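Reading through the structure tokens given below for one structure.
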Amino acid sequence: MEFNTTQAIKNNYSMLAAAEEVDVTVLAGQLQSMGFECMRCGECCRSHQGDNSVIVFPDEVLRIMDANNLSWHDVCKPSAPQFIDNINTLHSFEWELKRHDNGSCTFLNEDNTCSVYFWRPWICRTYPFYLHFEKDQTPRLNISECEGVGMGVFSKEDAGNLALYLKERLISEIQEEIQLLEHLDGLENWEFFNGDINGNIVKFNIAVHDSRGCTVVERDIKSNSKE
Ligand code: SF4
């Protein structure tokens, strides 16, 4: 079935309206009843337990860059491309934080603290919790794997702050998606990318589409999986 950008934008506006209705007090109560305490294990900042990619929005990247005197490509890389066009340009729709070869986030310190703690992205700020749209189009609280869940007592203030962050994160995600879709051009001419690059190609371009438009990054095949 062909992707319908206009319909996707419309759907996202409905989701945005639902996200804006999230009751922070109710959400905070759910968080308090679950309980949580960060065990400082650093597992969420490594990737050996599955895909812990940290998706980042442009404003989050810019915040880390400005505060730490880093370049865009010091902070993030294109996420796995999902489409390919007729001139072998790959297309991705997200940026993710860079990782070392061992899978750890480049901002993870040896003592499991975060070197960009005050500027860390929404995902890190709210982990292991997130709001997810269920089939009835209502955002509900979900939890990623984490040994800290149920381990401590949330103060009312902490639960309230986290509930607010979760709501703001969801709204930001949907707004990013809407702006991305509004900038998107040419999707109907692309094919799904199955991960295979033509063996003769040693360098290729990845076009990353985000709320600001499109950024083209040149990659060589060897470095693709490691950056
Ligand atoms: S930015 Fe900080 S909190 Fe987020 S994954 Fe990296 S080290 Fe962990």
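Chain identifiers are assigned as A, B, and so on, following the order in which chains appear in the structure tokens; residues are numbered from 1 within each chain, and ligands are numbered from 1 in order of appearance.
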Could I get the residues of region 110-162 of chain A with an atom no further than 10 Å from an atom of region 11-18 of chain A, each paired with its nearest atom pair and that distance in Å to one decimal, using only C-alpha atoms, sorted by chain and residue number, as CSV?
residue,atom,partner,partner_atom,distance
A:Phe133,CA,A:Met15,CA,8.1
A:Gln137,CA,A:Met15,CA,7.1
A:Thr138,CA,A:Ala18,CA,6.6
A:Pro139,CA,A:Ala18,CA,7.3
Can I get the selected residues back with C-alpha atoms, as a PDB file, in the first residue's frame?
ATOM      1  CA  PHE A 133      -0.411   4.871  21.720  1.00  0.00           C
ATOM      2  CA  GLN A 137      -5.524   5.868  20.181  1.00  0.00           C
ATOM      3  CA  THR A 138      -4.945   6.622  23.852  1.00  0.00           C
ATOM      4  CA  PRO A 139      -1.389   7.136  25.090  1.00  0.00           C
TER       5      PRO A 139
END
Give me, as JSON lines, each residue of chain A that comes within 12 Å of ligand 1, together with its shortest interatomic pair and the distance in Å at one decimal, counting only C-alpha atoms and all ligand atoms, with rows ordered by chain and rising residue number.
{"residue": "A:Cys38", "atom": "CA", "partner": "ligand 1", "partner_atom_place_in_ligand_line": "3 (S)", "distance": 11.4}
{"residue": "A:Arg40", "atom": "CA", "partner": "ligand 1", "partner_atom_place_in_ligand_line": "8 (Fe)", "distance": 10.4}
{"residue": "A:Cys41", "atom": "CA", "partner": "ligand 1", "partner_atom_place_in_ligand_line": "8 (Fe)", "distance": 10.5}
{"residue": "A:Gly42", "atom": "CA", "partner": "ligand 1", "partner_atom_place_in_ligand_line": "8 (Fe)", "distance": 6.9}
{"residue": "A:Glu43", "atom": "CA", "partner": "ligand 1", "partner_atom_place_in_ligand_line": "8 (Fe)", "distance": 8.5}
{"residue": "A:Cys44", "atom": "CA", "partner": "ligand 1", "partner_atom_place_in_ligand_line": "5 (S)", "distance": 6.5}
{"residue": "A:Cys45", "atom": "CA", "partner": "ligand 1", "partner_atom_place_in_ligand_line": "5 (S)", "distance": 4.0}
{"residue": "A:Arg46", "atom": "CA", "partner": "ligand 1", "partner_atom_place_in_ligand_line": "5 (S)", "distance": 7.2}
{"residue": "A:Ser47", "atom": "CA", "partner": "ligand 1", "partner_atom_place_in_ligand_line": "5 (S)", "distance": 9.6}
{"residue": "A:Asp51", "atom": "CA", "partner": "ligand 1", "partner_atom_place_in_ligand_line": "5 (S)", "distance": 11.7}
{"residue": "A:Asn52", "atom": "CA", "partner": "ligand 1", "partner_atom_place_in_ligand_line": "5 (S)", "distance": 8.1}
{"residue": "A:Ser53", "atom": "CA", "partner": "ligand 1", "partner_atom_place_in_ligand_line": "5 (S)", "distance": 8.1}
{"residue": "A:Val54", "atom": "CA", "partner": "ligand 1", "partner_atom_place_in_ligand_line": "5 (S)", "distance": 6.3}
{"residue": "A:Ile55", "atom": "CA", "partner": "ligand 1", "partner_atom_place_in_ligand_line": "5 (S)", "distance": 9.7}
{"residue": "A:Val56", "atom": "CA", "partner": "ligand 1", "partner_atom_place_in_ligand_line": "1 (S)", "distance": 9.7}
{"residue": "A:Glu60", "atom": "CA", "partner": "ligand 1", "partner_atom_place_in_ligand_line": "1 (S)", "distance": 10.4}
{"residue": "A:Val61", "atom": "CA", "partner": "ligand 1", "partner_atom_place_in_ligand_line": "1 (S)", "distance": 10.4}
{"residue": "A:Arg63", "atom": "CA", "partner": "ligand 1", "partner_atom_place_in_ligand_line": "1 (S)", "distance": 11.9}
{"residue": "A:Ile64", "atom": "CA", "partner": "ligand 1", "partner_atom_place_in_ligand_line": "1 (S)", "distance": 9.2}
{"residue": "A:Val75", "atom": "CA", "partner": "ligand 1", "partner_atom_place_in_ligand_line": "1 (S)", "distance": 9.4}
{"residue": "A:Cys76", "atom": "CA", "partner": "ligand 1", "partner_atom_place_in_ligand_line": "1 (S)", "distance": 10.6}
{"residue": "A:Glu96", "atom": "CA", "partner": "ligand 1", "partner_atom_place_in_ligand_line": "5 (S)", "distance": 10.0}
{"residue": "A:Leu97", "atom": "CA", "partner": "ligand 1", "partner_atom_place_in_ligand_line": "6 (Fe)", "distance": 7.2}
{"residue": "A:Lys98", "atom": "CA", "partner": "ligand 1", "partner_atom_place_in_ligand_line": "6 (Fe)", "distance": 8.6}
{"residue": "A:Arg99", "atom": "CA", "partner": "ligand 1", "partner_atom_place_in_ligand_line": "6 (Fe)", "distance": 8.5}
{"residue": "A:His100", "atom": "CA", "partner": "ligand 1", "partner_atom_place_in_ligand_line": "6 (Fe)", "distance": 10.8}
{"residue": "A:Gly103", "atom": "CA", "partner": "ligand 1", "partner_atom_place_in_ligand_line": "5 (S)", "distance": 10.5}
{"residue": "A:Ser104", "atom": "CA", "partner": "ligand 1", "partner_atom_place_in_ligand_line": "6 (Fe)", "distance": 7.8}
{"residue": "A:Cys105", "atom": "CA", "partner": "ligand 1", "partner_atom_place_in_ligand_line": "6 (Fe)", "distance": 4.6}
{"residue": "A:Thr106", "atom": "CA", "partner": "ligand 1", "partner_atom_place_in_ligand_line": "6 (Fe)", "distance": 6.4}
{"residue": "A:Phe107", "atom": "CA", "partner": "ligand 1", "partner_atom_place_in_ligand_line": "7 (S)", "distance": 4.4}
{"residue": "A:Leu108", "atom": "CA", "partner": "ligand 1", "partner_atom_place_in_ligand_line": "7 (S)", "distance": 3.7}
{"residue": "A:Asn109", "atom": "CA", "partner": "ligand 1", "partner_atom_place_in_ligand_line": "7 (S)", "distance": 7.0}
{"residue": "A:Glu110", "atom": "CA", "partner": "ligand 1", "partner_atom_place_in_ligand_line": "7 (S)", "distance": 10.0}
{"residue": "A:Asp111", "atom": "CA", "partner": "ligand 1", "partner_atom_place_in_ligand_line": "7 (S)", "distance": 10.5}
{"residue": "A:Asn112", "atom": "CA", "partner": "ligand 1", "partner_atom_place_in_ligand_line": "7 (S)", "distance": 7.5}
{"residue": "A:Thr113", "atom": "CA", "partner": "ligand 1", "partner_atom_place_in_ligand_line": "7 (S)", "distance": 6.7}
{"residue": "A:Cys114", "atom": "CA", "partner": "ligand 1", "partner_atom_place_in_ligand_line": "2 (Fe)", "distance": 4.1}
{"residue": "A:Ser115", "atom": "CA", "partner": "ligand 1", "partner_atom_place_in_ligand_line": "2 (Fe)", "distance": 6.4}
{"residue": "A:Val116", "atom": "CA", "partner": "ligand 1", "partner_atom_place_in_ligand_line": "2 (Fe)", "distance": 5.8}
{"residue": "A:Tyr117", "atom": "CA", "partner": "ligand 1", "partner_atom_place_in_ligand_line": "2 (Fe)", "distance": 5.8}
{"residue": "A:Phe118", "atom": "CA", "partner": "ligand 1", "partner_atom_place_in_ligand_line": "2 (Fe)", "distance": 9.1}
{"residue": "A:Trp119", "atom": "CA", "partner": "ligand 1", "partner_atom_place_in_ligand_line": "1 (S)", "distance": 8.0}
{"residue": "A:Arg120", "atom": "CA", "partner": "ligand 1", "partner_atom_place_in_ligand_line": "1 (S)", "distance": 5.0}
{"residue": "A:Pro121", "atom": "CA", "partner": "ligand 1", "partner_atom_place_in_ligand_line": "4 (Fe)", "distance": 6.5}
{"residue": "A:Trp122", "atom": "CA", "partner": "ligand 1", "partner_atom_place_in_ligand_line": "4 (Fe)", "distance": 8.7}
{"residue": "A:Ile123", "atom": "CA", "partner": "ligand 1", "partner_atom_place_in_ligand_line": "4 (Fe)", "distance": 7.3}
{"residue": "A:Cys124", "atom": "CA", "partner": "ligand 1", "partner_atom_place_in_ligand_line": "4 (Fe)", "distance": 4.5}
{"residue": "A:Arg125", "atom": "CA", "partner": "ligand 1", "partner_atom_place_in_ligand_line": "3 (S)", "distance": 7.1}
{"residue": "A:Thr126", "atom": "CA", "partner": "ligand 1", "partner_atom_place_in_ligand_line": "3 (S)", "distance": 9.7}
{"residue": "A:Tyr127", "atom": "CA", "partner": "ligand 1", "partner_atom_place_in_ligand_line": "3 (S)", "distance": 8.7}
{"residue": "A:Pro128", "atom": "CA", "partner": "ligand 1", "partner_atom_place_in_ligand_line": "3 (S)", "distance": 11.1}
Would you save the residues of that selection, restricted to C-alpha atoms, as an mmCIF file, in the first residue's frame?
data_model
loop_
_atom_site.group_PDB
_atom_site.id
_atom_site.type_symbol
_atom_site.label_atom_id
_atom_site.label_comp_id
_atom_site.auth_asym_id
_atom_site.auth_seq_id
_atom_site.Cartn_x
_atom_site.Cartn_y
_atom_site.Cartn_z
ATOM 1 C CA CYS A 38 18.025 4.200 39.267
ATOM 2 C CA ARG A 40 23.399 3.305 38.463
ATOM 3 C CA CYS A 41 24.132 0.135 36.454
ATOM 4 C CA GLY A 42 24.516 2.051 33.161
ATOM 5 C CA GLU A 43 22.840 -0.796 31.239
ATOM 6 C CA CYS A 44 20.466 1.581 29.466
ATOM 7 C CA CYS A 45 23.476 3.441 28.019
ATOM 8 C CA ARG A 46 25.023 0.287 26.539
ATOM 9 C CA SER A 47 23.709 -1.889 23.738
ATOM 10 C CA ASP A 51 18.772 -2.220 20.718
ATOM 11 C CA ASN A 52 19.197 0.658 23.119
ATOM 12 C CA SER A 53 19.540 3.258 20.365
ATOM 13 C CA VAL A 54 18.904 6.745 21.665
ATOM 14 C CA ILE A 55 16.900 8.640 19.064
ATOM 15 C CA VAL A 56 17.532 12.388 19.240
ATOM 16 C CA GLU A 60 18.358 18.020 21.519
ATOM 17 C CA VAL A 61 21.482 17.603 19.390
ATOM 18 C CA ARG A 63 21.630 21.693 22.983
ATOM 19 C CA ILE A 64 24.355 19.097 23.602
ATOM 20 C CA VAL A 75 26.945 13.897 18.841
ATOM 21 C CA CYS A 76 24.863 11.792 16.480
ATOM 22 C CA GLU A 96 20.651 8.627 17.077
ATOM 23 C CA LEU A 97 23.405 9.268 19.615
ATOM 24 C CA LYS A 98 26.800 7.970 18.539
ATOM 25 C CA ARG A 99 28.209 4.873 20.174
ATOM 26 C CA HIS A 100 31.664 3.420 20.657
ATOM 27 C CA GLY A 103 28.066 -0.314 21.860
ATOM 28 C CA SER A 104 28.284 2.132 24.766
ATOM 29 C CA CYS A 105 27.046 5.678 24.355
ATOM 30 C CA THR A 106 29.995 8.033 23.792
ATOM 31 C CA PHE A 107 28.748 10.164 26.711
ATOM 32 C CA LEU A 108 28.840 7.340 29.252
ATOM 33 C CA ASN A 109 31.644 7.844 31.779
ATOM 34 C CA GLU A 110 33.591 4.956 33.304
ATOM 35 C CA ASP A 111 31.709 5.317 36.590
ATOM 36 C CA ASN A 112 28.358 4.967 34.735
ATOM 37 C CA THR A 113 27.562 8.660 35.018
ATOM 38 C CA CYS A 114 26.564 10.728 32.001
ATOM 39 C CA SER A 115 28.924 13.445 30.749
ATOM 40 C CA VAL A 116 26.014 15.420 29.246
ATOM 41 C CA TYR A 117 23.601 14.803 32.118
ATOM 42 C CA PHE A 118 22.070 18.288 32.175
ATOM 43 C CA TRP A 119 21.525 18.248 28.405
ATOM 44 C CA ARG A 120 20.611 14.570 28.003
ATOM 45 C CA PRO A 121 17.812 13.804 25.532
ATOM 46 C CA TRP A 122 14.178 13.114 26.449
ATOM 47 C CA ILE A 123 14.643 9.347 26.123
ATOM 48 C CA CYS A 124 17.421 9.338 28.714
ATOM 49 C CA ARG A 125 15.547 11.760 30.966
ATOM 50 C CA THR A 126 12.469 9.513 31.104
ATOM 51 C CA TYR A 127 13.971 5.998 30.835
ATOM 52 C CA PRO A 128 12.669 3.325 31.459
#
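The protein and nucleic acid residues lying at most 8 Å from Ala207 (chain A) are Thr89, Leu90, His91, Ser92, Cys214, Thr215, Val216 and Val217 of chain A, with only C-alpha atoms considered and sequence neighbours fewer than 6 positions away removed.
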With distances taken over only C-alpha atoms, which of A:Ile178, A:Ile143, A:Val149, A:Val24 is nearest to Leu164 (chain A)?
A:Val24
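Distance-wise, CA of Ala159 (chain A) and CA of Gly29 (chain A) end up 7.4 Å apart.
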Give the strand (DSSP E) residues of region 85-163 of chain A, as assigned by DSSP on the backbone, as a PyMOL selection string.
chain A and resi 90-92+95-97+129-133+139-143
CA of Lys135 (chain A) and CA of Ile9 (chain A), how far apart in Å?
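Between these atoms lies a distance of 17.9 Å.
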Please return as a ChimeraX atom specification: the residues of region 74-209 of chain A that backbone DSSP assigns to helix (DSSP H, G or I).
/A:74-75,117-119,122-126,156-183,187-189
Please produce a file of those selected residues containing N, CA and C atoms, as a short mmCIF file (atom, residue, chain, number, x, y, z; two decimals), in the first residue's frame.
data_model
loop_
_atom_site.label_atom_id
_atom_site.label_comp_id
_atom_site.auth_asym_id
_atom_site.auth_seq_id
_atom_site.Cartn_x
_atom_site.Cartn_y
_atom_site.Cartn_z
N ASP A 74 29.79 14.86 16.00
CA ASP A 74 30.35 14.33 17.25
C ASP A 74 29.24 13.72 18.10
N VAL A 75 28.05 14.27 17.95
CA VAL A 75 26.95 13.90 18.84
C VAL A 75 26.13 12.74 18.28
N TYR A 117 24.80 15.05 31.30
CA TYR A 117 23.60 14.80 32.12
C TYR A 117 22.57 15.93 32.03
N PHE A 118 23.03 17.18 32.15
CA PHE A 118 22.07 18.29 32.18
C PHE A 118 21.43 18.55 30.82
N TRP A 119 22.03 18.01 29.76
CA TRP A 119 21.53 18.25 28.40
C TRP A 119 21.08 16.94 27.76
N TRP A 122 15.42 13.53 25.79
CA TRP A 122 14.18 13.11 26.45
C TRP A 122 14.21 11.63 26.81
N ILE A 123 14.66 10.80 25.88
CA ILE A 123 14.64 9.35 26.12
C ILE A 123 15.43 9.01 27.39
N CYS A 124 16.60 9.62 27.53
CA CYS A 124 17.42 9.34 28.71
C CYS A 124 16.78 9.91 29.97
N ARG A 125 16.16 11.07 29.83
CA ARG A 125 15.55 11.76 30.97
C ARG A 125 14.36 10.97 31.54
N THR A 126 13.71 10.19 30.68
CA THR A 126 12.47 9.51 31.10
C THR A 126 12.62 8.00 31.21
N LYS A 156 6.38 12.50 45.59
CA LYS A 156 5.29 13.09 44.80
C LYS A 156 5.89 14.07 43.78
N GLU A 157 6.88 14.83 44.22
CA GLU A 157 7.49 15.83 43.34
C GLU A 157 8.21 15.16 42.16
N ASP A 158 9.00 14.10 42.46
CA ASP A 158 9.73 13.41 41.38
C ASP A 158 8.77 12.77 40.38
N ALA A 159 7.70 12.14 40.93
CA ALA A 159 6.72 11.51 40.04
C ALA A 159 6.04 12.57 39.17
N GLY A 160 5.74 13.71 39.77
CA GLY A 160 5.09 14.80 39.02
C GLY A 160 5.99 15.33 37.92
N ASN A 161 7.27 15.50 38.24
CA ASN A 161 8.22 16.01 37.24
C ASN A 161 8.38 15.00 36.10
N LEU A 162 8.50 13.72 36.46
CA LEU A 162 8.67 12.71 35.42
C LEU A 162 7.43 12.62 34.53
N ALA A 163 6.26 12.72 35.14
CA ALA A 163 5.01 12.68 34.36
C ALA A 163 4.99 13.84 33.36
N LEU A 164 5.43 14.98 33.82
CA LEU A 164 5.48 16.16 32.94
C LEU A 164 6.46 15.94 31.78
N TYR A 165 7.63 15.39 32.11
CA TYR A 165 8.63 15.09 31.06
C TYR A 165 8.07 14.10 30.04
N LEU A 166 7.38 13.07 30.55
CA LEU A 166 6.83 12.04 29.64
C LEU A 166 5.83 12.67 28.67
N LYS A 167 5.00 13.54 29.20
CA LYS A 167 4.01 14.20 28.34
C LYS A 167 4.72 15.11 27.33
N GLU A 168 5.69 15.88 27.79
CA GLU A 168 6.42 16.79 26.89
C GLU A 168 7.18 16.00 25.83
N ARG A 169 7.74 14.86 26.25
CA ARG A 169 8.47 14.02 25.29
C ARG A 169 7.53 13.54 24.19
N LEU A 170 6.36 13.05 24.59
CA LEU A 170 5.41 12.54 23.59
C LEU A 170 4.98 13.65 22.63
N ILE A 171 4.70 14.82 23.18
CA ILE A 171 4.28 15.95 22.33
C ILE A 171 5.42 16.32 21.37
N SER A 172 6.65 16.36 21.88
CA SER A 172 7.81 16.70 21.02
C SER A 172 7.98 15.68 19.91
N GLU A 173 7.81 14.39 20.25
CA GLU A 173 7.97 13.33 19.24
C GLU A 173 6.95 13.52 18.11
N ILE A 174 5.72 13.82 18.49
CA ILE A 174 4.67 13.95 17.45
C ILE A 174 4.90 15.22 16.63
N GLN A 175 5.27 16.30 17.31
CA GLN A 175 5.53 17.55 16.57
C GLN A 175 6.69 17.37 15.59
N GLU A 176 7.73 16.64 16.03
CA GLU A 176 8.87 16.36 15.15
C GLU A 176 8.39 15.58 13.92
N GLU A 177 7.57 14.58 14.14
CA GLU A 177 7.05 13.74 13.06
C GLU A 177 6.22 14.58 12.07
N ILE A 178 5.39 15.45 12.60
CA ILE A 178 4.56 16.28 11.72
C ILE A 178 5.44 17.17 10.85
N GLN A 179 6.43 17.82 11.47
CA GLN A 179 7.30 18.72 10.69
C GLN A 179 8.11 17.94 9.67
N LEU A 180 8.56 16.76 10.07
CA LEU A 180 9.31 15.90 9.13
C LEU A 180 8.43 15.58 7.92
N LEU A 181 7.21 15.15 8.18
CA LEU A 181 6.31 14.77 7.08
C LEU A 181 6.00 15.97 6.19
N GLU A 182 5.89 17.14 6.81
CA GLU A 182 5.57 18.33 6.00
C GLU A 182 6.72 18.70 5.07
N HIS A 183 7.97 18.32 5.46
CA HIS A 183 9.13 18.61 4.60
C HIS A 183 9.41 17.51 3.60
N LEU A 187 9.00 10.58 -1.46
CA LEU A 187 8.85 9.25 -0.87
C LEU A 187 8.20 8.25 -1.84
N GLU A 188 7.26 8.73 -2.64
CA GLU A 188 6.55 7.83 -3.55
C GLU A 188 7.47 7.21 -4.59
N ASN A 189 8.68 7.79 -4.77
CA ASN A 189 9.61 7.24 -5.77
C ASN A 189 10.68 6.34 -5.16
#
If we count only C-alpha atoms and set the cut-off at 12 Å, which residues sit around Ile206 (chain A), ignoring sequence neighbours fewer than 6 positions away in its own chain? Please answer as a ChimeraX atom specification.
/A:77-85,87-95,193,197,214-221,224
Selection above as a file: N, CA and C atoms, as a short mmCIF file (atom, residue, chain, number, x, y, z; two decimals), in the first residue's frame:
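New file result_24.cif:
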data_model
loop_
_atom_site.label_atom_id
_atom_site.label_comp_id
_atom_site.auth_asym_id
_atom_site.auth_seq_id
_atom_site.Cartn_x
_atom_site.Cartn_y
_atom_site.Cartn_z
N LYS A 77 24.50 10.27 14.67
CA LYS A 77 24.68 9.67 13.34
C LYS A 77 23.29 9.32 12.80
N PRO A 78 23.19 9.09 11.49
CA PRO A 78 21.88 8.70 10.95
C PRO A 78 21.44 7.34 11.50
N SER A 79 20.15 7.20 11.75
CA SER A 79 19.62 5.88 12.12
C SER A 79 19.58 5.01 10.87
N ALA A 80 19.33 3.73 11.07
CA ALA A 80 19.31 2.78 9.95
C ALA A 80 18.36 3.27 8.85
N PRO A 81 18.86 3.34 7.60
CA PRO A 81 17.99 3.80 6.51
C PRO A 81 16.87 2.82 6.20
N GLN A 82 15.74 3.36 5.82
CA GLN A 82 14.57 2.52 5.52
C GLN A 82 14.20 2.49 4.05
N PHE A 83 14.71 3.48 3.27
CA PHE A 83 14.36 3.54 1.84
C PHE A 83 15.62 3.78 1.02
N ILE A 84 15.54 3.45 -0.27
CA ILE A 84 16.61 3.74 -1.22
C ILE A 84 15.96 4.32 -2.48
N ASP A 85 16.65 5.29 -3.10
CA ASP A 85 16.06 5.88 -4.31
C ASP A 85 16.81 5.41 -5.55
N ILE A 87 19.03 6.72 -7.39
CA ILE A 87 20.46 7.05 -7.53
C ILE A 87 21.24 6.51 -6.32
N ASN A 88 20.69 5.48 -5.71
CA ASN A 88 21.35 4.78 -4.60
C ASN A 88 21.57 5.65 -3.36
N THR A 89 20.79 6.69 -3.21
CA THR A 89 20.83 7.43 -1.94
C THR A 89 19.87 6.73 -0.98
N LEU A 90 20.38 6.50 0.23
CA LEU A 90 19.55 5.87 1.25
C LEU A 90 18.81 6.97 2.03
N HIS A 91 17.67 6.62 2.57
CA HIS A 91 16.89 7.62 3.30
C HIS A 91 16.57 7.13 4.70
N SER A 92 16.89 7.99 5.66
CA SER A 92 16.64 7.68 7.07
C SER A 92 15.76 8.80 7.64
N PHE A 93 15.05 8.50 8.73
CA PHE A 93 14.13 9.50 9.28
C PHE A 93 14.47 9.89 10.70
N GLU A 94 15.64 9.47 11.14
CA GLU A 94 15.98 9.79 12.54
C GLU A 94 17.49 9.91 12.70
N TRP A 95 17.87 10.63 13.74
CA TRP A 95 19.26 10.65 14.20
C TRP A 95 19.33 9.87 15.50
N PHE A 193 14.31 -0.32 1.71
CA PHE A 193 15.71 -0.74 1.69
C PHE A 193 15.86 -1.94 2.61
N ILE A 197 23.61 -3.28 0.20
CA ILE A 197 24.15 -2.25 -0.68
C ILE A 197 24.83 -2.96 -1.84
N CYS A 214 16.24 18.19 5.11
CA CYS A 214 17.02 17.00 4.75
C CYS A 214 18.51 17.30 4.84
N THR A 215 19.27 16.43 5.45
CA THR A 215 20.73 16.56 5.54
C THR A 215 21.33 15.32 4.90
N VAL A 216 22.27 15.52 3.96
CA VAL A 216 22.88 14.38 3.30
C VAL A 216 24.25 14.10 3.92
N VAL A 217 24.45 12.86 4.32
CA VAL A 217 25.70 12.46 4.97
C VAL A 217 26.36 11.42 4.08
N GLU A 218 27.65 11.64 3.77
CA GLU A 218 28.35 10.63 2.97
C GLU A 218 28.97 9.60 3.90
N ARG A 219 28.79 8.33 3.59
CA ARG A 219 29.31 7.26 4.43
C ARG A 219 30.06 6.27 3.58
N ASP A 220 31.09 5.64 4.17
CA ASP A 220 31.63 4.49 3.46
C ASP A 220 31.17 3.24 4.16
N ILE A 221 31.11 2.16 3.43
CA ILE A 221 30.45 0.95 3.92
C ILE A 221 31.10 0.45 5.21
N ASN A 224 30.00 2.33 8.30
CA ASN A 224 28.56 2.51 8.51
C ASN A 224 28.04 1.95 9.81
#
